[in-house]
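> The structure file work_28.txt (compact mmCIF, C-alpha atoms) is provided below.
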# COMPACT_ATOMS: atom_id res chain seq x y z
CA MET A 49 0.00 0.00 0.00
CA ASN A 50 1.75 3.19 -1.16
CA ASP A 51 0.91 6.89 -0.77
CA THR A 52 -1.05 6.91 -4.04
CA ASN A 53 -3.34 4.13 -2.78
CA LEU A 54 -3.89 5.98 0.49
CA ASP A 55 -4.51 9.28 -1.32
CA ASP A 56 -7.07 7.52 -3.51
CA LEU A 57 -8.68 5.99 -0.44
CA GLU A 58 -8.94 9.41 1.22
CA SER A 59 -10.19 11.10 -1.95
CA GLU A 60 -12.83 8.43 -2.53
CA ALA A 61 -13.99 8.67 1.10
CA TYR A 62 -14.12 12.48 0.88
CA GLN A 63 -16.18 12.42 -2.32
CA ASN A 64 -18.49 9.80 -0.83
CA SER A 65 -19.24 12.15 2.05
CA PHE A 66 -20.90 14.53 -0.46
CA ALA A 67 -22.86 11.88 -2.34
CA ASP A 68 -26.10 12.92 -0.60
CA GLY A 69 -26.77 15.75 -3.10
CA LEU A 70 -28.06 18.15 -0.42
CA ILE A 71 -25.52 20.83 -1.34
CA ASP A 72 -26.52 20.52 -5.01
CA LEU A 73 -30.19 20.74 -4.06
CA PHE A 74 -29.71 23.86 -1.91
CA LEU A 75 -27.42 25.53 -4.44
CA GLY A 76 -29.91 24.77 -7.18
CA LEU A 77 -32.83 26.18 -5.17
CA GLY A 78 -30.80 29.29 -4.33
CA LEU A 79 -29.84 29.93 -7.96
CA ALA A 80 -33.38 29.25 -9.15
CA LEU A 81 -34.77 31.67 -6.56
CA ILE A 82 -32.34 34.40 -7.63
CA GLY A 83 -33.05 33.67 -11.31
CA LEU A 84 -36.82 33.80 -10.83
CA THR A 85 -36.61 37.06 -8.89
CA TRP A 86 -34.38 38.53 -11.59
CA LEU A 87 -36.90 37.62 -14.27
CA TRP A 88 -39.92 39.16 -12.57
CA PHE A 89 -38.60 41.62 -10.00
CA PRO A 90 -35.10 42.68 -11.19
CA ALA A 91 -34.82 45.41 -8.56
CA GLU A 92 -35.24 42.82 -5.76
CA ALA A 93 -32.54 40.43 -7.03
CA GLY A 94 -30.17 41.48 -4.23
CA ILE A 95 -32.79 40.55 -1.61
CA ALA A 96 -33.25 37.14 -3.26
CA GLY A 97 -29.47 36.65 -3.02
CA ALA A 98 -29.61 37.47 0.69
CA ILE A 99 -32.51 35.02 1.21
CA ALA A 100 -30.56 32.31 -0.66
CA ALA A 101 -27.56 32.97 1.61
CA VAL A 102 -29.76 32.61 4.71
CA ILE A 103 -31.22 29.34 3.35
CA ALA A 104 -27.63 28.12 2.81
CA TRP A 105 -27.00 28.46 6.57
CA ALA A 106 -29.69 25.84 7.17
CA LEU A 107 -27.70 23.38 5.10
CA VAL A 108 -25.19 22.49 7.83
CA PRO A 109 -27.71 21.34 10.51
CA ILE A 110 -29.91 19.63 7.90
CA ARG A 111 -26.94 17.70 6.47
CA ARG A 112 -25.87 16.70 9.98
CA ARG A 113 -29.36 15.38 10.72
CA ILE A 114 -29.75 13.47 7.44
CA VAL A 115 -26.21 12.42 6.47
CA GLU A 116 -24.43 11.59 9.74
CA PRO A 117 -26.86 8.89 10.96
CA ARG A 118 -26.44 7.19 7.56
CA ILE A 119 -22.76 7.41 6.65
CA GLY A 120 -21.33 8.52 9.97
CA TYR A 121 -19.22 11.33 11.31
CA VAL A 122 -15.69 11.95 10.11
CA ARG A 123 -13.17 14.71 10.76
CA TRP A 124 -10.79 15.14 7.86
CA THR A 125 -7.07 15.74 8.19
CA ALA A 126 -5.65 19.27 8.56
CA PRO A 127 -4.39 19.44 4.92
CA ARG A 128 -7.83 18.40 3.62
CA LEU A 129 -9.59 21.01 5.80
CA LYS A 130 -7.16 23.68 4.59
CA TRP A 131 -7.85 22.70 0.97
CA GLU A 132 -11.60 22.78 1.68
CA ARG A 133 -11.40 26.30 3.16
CA LYS A 134 -9.50 27.48 0.07
CA GLN A 135 -12.15 26.07 -2.27
CA LEU A 136 -14.98 27.61 -0.25
CA LYS A 137 -13.24 30.99 -0.27
CA LEU A 138 -12.86 30.81 -4.07
CA LEU A 139 -16.50 29.83 -4.49
CA PHE A 140 -17.65 32.61 -2.13
CA TRP A 141 -15.80 35.29 -4.10
CA LEU A 142 -16.97 33.99 -7.47
CA VAL A 143 -20.60 33.93 -6.29
CA THR A 144 -20.27 37.41 -4.73
CA VAL A 145 -18.72 38.92 -7.88
CA ALA A 146 -21.34 37.16 -10.04
CA MET A 147 -24.16 38.58 -7.93
CA LEU A 148 -22.67 42.09 -7.90
CA ILE A 149 -22.37 42.04 -11.69
CA GLY A 150 -25.96 40.86 -11.93
CA VAL A 151 -27.18 43.63 -9.63
CA ALA A 152 -25.19 46.17 -11.65
CA VAL A 153 -26.81 44.91 -14.86
CA ALA A 154 -30.27 45.08 -13.32
CA GLN A 155 -29.61 48.64 -12.12
CA SER A 156 -28.21 49.65 -15.50
CA ILE A 157 -31.28 48.26 -17.29
CA ALA A 158 -33.64 49.87 -14.77
CA THR A 159 -32.00 53.31 -15.04
CA GLY A 160 -31.61 53.04 -18.84
CA ASP A 161 -27.81 53.49 -18.89
CA ASP A 162 -26.26 53.98 -22.30
CA LEU A 163 -24.49 50.61 -22.57
CA ALA A 164 -23.84 49.14 -26.03
CA ALA A 165 -26.22 46.23 -26.75
CA ASP A 166 -23.37 43.71 -27.27
CA ASP A 167 -21.70 44.74 -24.02
CA ARG A 168 -24.99 44.55 -22.18
CA ASN A 169 -25.64 41.00 -23.46
CA PHE A 170 -22.18 39.90 -22.43
CA VAL A 171 -22.44 41.50 -19.00
CA ALA A 172 -25.87 39.87 -18.55
CA ALA A 173 -24.24 36.48 -19.15
CA MET A 174 -21.36 37.22 -16.75
CA PRO A 175 -22.96 35.80 -13.57
CA ALA A 176 -23.47 32.43 -15.30
CA ILE A 177 -19.97 32.59 -16.84
CA LEU A 178 -18.34 33.32 -13.46
CA LEU A 179 -20.31 30.54 -11.76
CA ALA A 180 -19.34 28.20 -14.62
CA ILE A 181 -15.66 29.06 -14.09
CA GLY A 182 -16.11 28.33 -10.38
CA ALA A 183 -17.77 24.97 -11.10
CA LEU A 184 -15.09 23.98 -13.64
CA VAL A 185 -12.19 25.02 -11.38
CA LEU A 186 -13.74 23.05 -8.51
CA ALA A 187 -14.31 20.08 -10.82
CA ALA A 188 -10.65 20.10 -11.86
CA THR A 189 -9.28 20.48 -8.33
CA SER A 190 -11.74 18.36 -6.36
CA GLY A 191 -12.49 15.44 -8.66
CA PHE A 192 -16.27 15.85 -8.24
CA LYS A 193 -17.31 14.78 -11.74
CA ARG A 194 -20.83 16.24 -11.58
CA LEU A 195 -19.32 19.74 -11.34
CA TRP A 196 -18.19 19.39 -14.98
CA GLY A 197 -21.85 18.93 -15.86
CA TYR A 198 -22.94 21.98 -13.84
CA GLY A 199 -20.18 24.03 -15.48
CA ALA A 200 -21.35 22.92 -18.93
CA VAL A 201 -24.99 23.79 -18.13
CA LEU A 202 -23.96 27.25 -16.86
CA LEU A 203 -21.82 27.93 -19.94
CA SER A 204 -24.64 26.80 -22.26
CA ALA A 205 -27.10 29.01 -20.38
CA ALA A 206 -24.66 31.95 -20.65
CA THR A 207 -24.28 31.37 -24.41
CA VAL A 208 -28.06 31.29 -24.90
CA THR A 209 -28.33 34.48 -22.78
CA ILE A 210 -25.99 36.26 -25.22
CA LEU A 211 -27.61 34.81 -28.35
CA ILE A 212 -31.19 35.65 -27.43
CA GLU A 213 -30.20 38.92 -25.71
CA ALA A 214 -31.82 37.95 -22.41
CA GLY A 215 -31.12 39.17 -18.88
CA PRO A 216 -29.18 37.14 -16.28
CA GLY A 217 -32.35 35.68 -14.70
CA GLY A 218 -33.03 32.98 -17.30
CA SER A 219 -29.53 31.50 -17.22
CA LEU A 220 -29.48 31.37 -13.41
CA LEU A 221 -32.97 29.83 -13.32
CA THR A 222 -31.97 27.15 -15.87
CA ALA A 223 -28.69 26.31 -14.10
CA GLY A 224 -30.44 26.33 -10.72
CA ALA A 225 -33.18 23.99 -11.95
CA ALA A 226 -30.61 21.57 -13.45
CA THR A 227 -28.48 21.59 -10.29
CA GLY A 228 -31.52 21.25 -8.02
CA VAL A 229 -32.95 18.30 -9.98
CA ALA A 230 -29.54 16.56 -9.97
CA GLY A 231 -29.33 17.16 -6.21
CA ALA A 232 -32.82 15.75 -5.64
CA VAL A 233 -32.00 12.61 -7.65
CA LEU A 234 -28.75 12.14 -5.71
CA LEU A 235 -30.58 12.63 -2.41
CA VAL A 236 -33.21 9.99 -3.23
CA ARG A 237 -30.46 7.53 -4.29
CA PHE A 238 -28.48 8.29 -1.15
CA LEU A 239 -31.46 7.76 1.17
CA ARG A 240 -32.23 4.43 -0.52
CA ALA A 241 -28.63 3.22 -0.44
CA HIS A 242 -27.89 4.29 3.13
CA PRO A 243 -30.58 3.44 5.67
CA VAL A 244 -30.12 4.82 9.18
CA ARG A 245 -27.90 2.53 11.23
CA SER A 246 -29.07 1.81 14.76
CA MET B 64 14.14 -6.63 7.24
CA SER B 65 11.89 -5.58 10.15
CA GLU B 66 9.17 -7.89 11.43
CA ILE B 67 5.62 -7.58 10.17
CA ASP B 68 3.18 -6.24 12.80
CA ARG B 69 0.67 -9.09 13.01
CA LEU B 70 -1.88 -6.93 14.78
CA ILE B 71 -2.15 -4.68 11.71
CA HIS B 72 -1.49 -7.47 9.21
CA GLU B 73 -4.87 -9.14 9.84
CA PRO B 74 -6.98 -8.20 6.72
CA ALA B 75 -9.99 -6.68 8.50
CA ARG B 76 -7.79 -4.68 10.90
CA LEU B 77 -5.61 -3.53 8.01
CA ILE B 78 -8.71 -2.10 6.29
CA LEU B 79 -9.87 -0.43 9.51
CA VAL B 80 -6.44 1.05 10.26
CA SER B 81 -6.05 2.28 6.65
CA SER B 82 -9.48 3.89 6.82
CA LEU B 83 -8.54 5.70 10.03
CA TYR B 84 -5.06 6.63 8.77
CA VAL B 85 -6.43 8.86 5.97
CA VAL B 86 -8.73 10.85 8.31
CA ASP B 87 -8.26 12.64 11.60
CA GLU B 88 -11.02 10.73 13.40
CA ALA B 89 -14.20 8.88 12.50
CA ASP B 90 -17.13 7.29 14.25
CA PHE B 91 -18.44 3.74 14.29
CA VAL B 92 -21.11 4.38 11.62
CA TYR B 93 -18.50 5.83 9.23
CA LEU B 94 -16.28 2.76 9.59
CA ALA B 95 -19.25 0.40 9.16
CA ASP B 96 -20.33 2.27 6.02
CA ARG B 97 -16.83 2.39 4.50
CA THR B 98 -15.82 -1.17 5.28
CA GLY B 99 -19.13 -3.06 5.21
CA PHE B 100 -18.11 -4.86 8.41
CA THR B 101 -20.66 -5.80 11.04
CA SER B 102 -20.87 -3.96 14.37
CA GLY B 103 -19.51 -6.96 16.27
CA ASN B 104 -16.60 -7.30 13.88
CA ILE B 105 -15.61 -3.64 14.19
CA SER B 106 -15.96 -3.67 17.99
CA SER B 107 -13.81 -6.75 18.41
CA HIS B 108 -11.01 -5.48 16.14
CA MET B 109 -11.10 -2.01 17.65
CA SER B 110 -10.82 -3.45 21.16
CA LYS B 111 -7.60 -5.21 20.13
CA LEU B 112 -6.22 -2.06 18.49
CA GLU B 113 -7.18 -0.01 21.54
CA ALA B 114 -5.52 -2.50 23.88
CA ALA B 115 -2.32 -2.21 21.83
CA GLY B 116 -2.46 1.59 22.14
CA TYR B 117 -2.97 2.06 18.38
CA VAL B 118 -6.48 3.51 18.61
CA GLN B 119 -8.05 6.02 20.96
CA VAL B 120 -11.77 5.51 21.61
CA ALA B 121 -14.14 8.26 22.75
CA LYS B 122 -17.80 7.73 23.61
CA ALA B 123 -20.21 10.67 23.71
CA PHE B 124 -23.82 11.67 23.09
CA VAL B 125 -24.43 13.94 20.11
CA ASP B 126 -28.01 15.13 19.45
CA LYS B 127 -29.16 12.58 22.05
CA ARG B 128 -27.56 9.75 20.05
CA PRO B 129 -24.55 7.76 21.27
CA ARG B 130 -21.43 8.28 19.18
CA THR B 131 -18.27 6.20 19.45
CA THR B 132 -15.34 7.93 17.81
CA TYR B 133 -12.05 6.30 16.86
CA LYS B 134 -8.73 8.02 16.23
CA LEU B 135 -5.35 6.51 15.47
CA THR B 136 -2.86 7.42 18.18
CA LYS B 137 0.65 8.63 17.30
CA GLU B 138 1.83 5.13 18.11
CA GLY B 139 -0.85 3.68 15.83
CA ARG B 140 0.18 5.95 12.96
CA ARG B 141 3.82 5.08 13.47
CA ALA B 142 3.00 1.37 13.60
CA PHE B 143 1.02 1.60 10.35
CA GLU B 144 3.86 3.49 8.61
CA GLN B 145 6.32 0.91 9.92
CA TYR B 146 4.04 -1.88 8.68
CA ARG B 147 3.91 -0.30 5.21
CA SER B 148 7.67 0.00 4.94
CA SER B 149 8.11 -3.59 6.22
CA VAL B 150 5.73 -4.95 3.60
CA GLU B 151 7.34 -2.83 0.87
CA GLY B 152 10.76 -4.08 1.96
CA LEU B 153 9.54 -7.65 1.91
CA LEU B 154 8.02 -7.29 -1.56
CA ASN B 155 11.13 -5.55 -2.93
CA ALA B 156 13.34 -8.29 -1.48
CA THR B 157 11.35 -10.97 -3.31
CA ASP B 158 11.56 -9.16 -6.70
For the structure just supplied, provide its representation as C-alpha cells.


Amino acid sequence: MNDTNLDDLESEAYQNSFADGLIDLFLGLGLALIGLTWLWFPAEAGIAGAIAAVIAWALVPIRRRIVEPRIGYVRWTAPRLKWERKQLKLLFWLVTVAMLIGVAVAQSIATGDDLAADDRNFVAAMPAILLAIGALVLAATSGFKRLWGYGAVLLSAATVTILIEAGPGGSLLTAGAATGVAGAVLLVRFLRAHPVRS
Amino acid sequence: MSEIDRLIHEPARLILVSSLYVVDEADFVYLADRTGFTSGNISSHMSKLEAAGYVQVAKAFVDKRPRTTYKLTKEGRRAFEQYRSSVEGLLNATD
C-alpha cells in the first residue's frame, strides 16, 4: 500500500461524504430563486441573493441530521480542511462577484444606462460565466465529476443568454433547476442506499 | 528486514487502520459504512487495536444519540507506517 493508494482511499472517502446531493439541491434552489426574482422583479434580485444565503445556513444542521446517521461522522485531516477552506473561499468570491455584476446589470437596465447592446448582453451572461468558471475550477481540483456537468450547463445558459439577448435571470434559473434536480436525484439515491444505522 | 506487525497485518484490521489513517477521526457508523463490516466485527477489532495503544476511543452523546469515535494514536500511525515500509521491503526483497 503506497501513498497513491492511500490518497485515492482518502479522496474516494471524501467524495463519498458529499454523495447525498443536499448541497446541489440547496445551491440549485438558491440559484433558481435568484433567477426567478431577476426575471420578474429585477430590482429585488439582491434581496433574493440574501434570502438564498440565509437558506444556505440551514444546510449544515440539515446535512448533519440526514447524512451523519447514515454514513457517519468523520473529521478530515488538517491538509484536507485547509484545501476545503481554500475552495470555499474561491467559491464565495466567485458567487459574490457574479451577484454584484448581476445587480449592476439590473440597475443599469432599470435606469436606462447607455451601454452598447453587445456589451450589455455579455455583461448579462457574466454571472453564469463566473459561476461556470467556479464549477469547472472546482471540478478540476476536487475530482467531483458532476461539477463538470454543472459548469457545462452554466456555460450553455450563458451562451443562450448572449444569443437571445436575455437578462441574467433565465440562465441562473436554468442552471439552478438543473443543479436542483440533480441534487434531488442524488438525495433519493443516497437515502435508498444508506438506511439509518441503529 | 523488520518484522511484520501481526496486529495490523490481519486483513480486517488492516482495512480499519487504513481507513482511520487517511482521516483525523471517525465514528463507528462511518467505519461500518466504509468497510461493510458488522458492528460486532468492528468492535472486536477495535478493542484489540485499543488494547495495543494504536487507537483512541471516545464515547459521547451527540443530538441525544450515542457516538463512538475512533482516532489513530501517534503510536498507531507510526506502527502503520512501519508496517507499510516492512511490507514494501519484503516485496522488494522478493523481486

> Would you list which chain A residues are within 9 Å of chain B using all atoms listed in the file, as a ChimeraX atom specification?

/A:49-50,54-55,57-58,61,113,116-126,128,242,245-246

> Counting all atoms listed in the file, what is within 12 Å of A:Val108, bar same-chain residues fewer than 5 positions away, as a PyMOL selection string?

chain A and resi 70-71+74+102-103+113-116

> If you measure from atom CA of A:Leu142 to atom CA of A:Phe89, what distance in Å do you get, rounded to one decimal?

23.1 Å

> Using all atoms listed in the file, which of A:Ala180, A:Val208, A:Ala230, A:Leu235 sits nearest A:Trp196?

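Smallest separation from A:Trp196 among the options: A:Ala180.
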
> Do a neighbour search on A:Met174 at 8 Å with all atoms listed in the file, toss out local chain neighbours closer than 6 positions, and write the hits as a list in words.

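Listed by chain and then number, they are Ala146, Ile149, Gly150, Ala206 and Pro216 of chain A.
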
> Can you work out the spacing between atom CA of A:Gly182 and atom CA of A:Ala152 in Å, to one decimal?

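If I compute the distance from atom CA of A:Gly182 to atom CA of A:Ala152, I get 20.1 Å.
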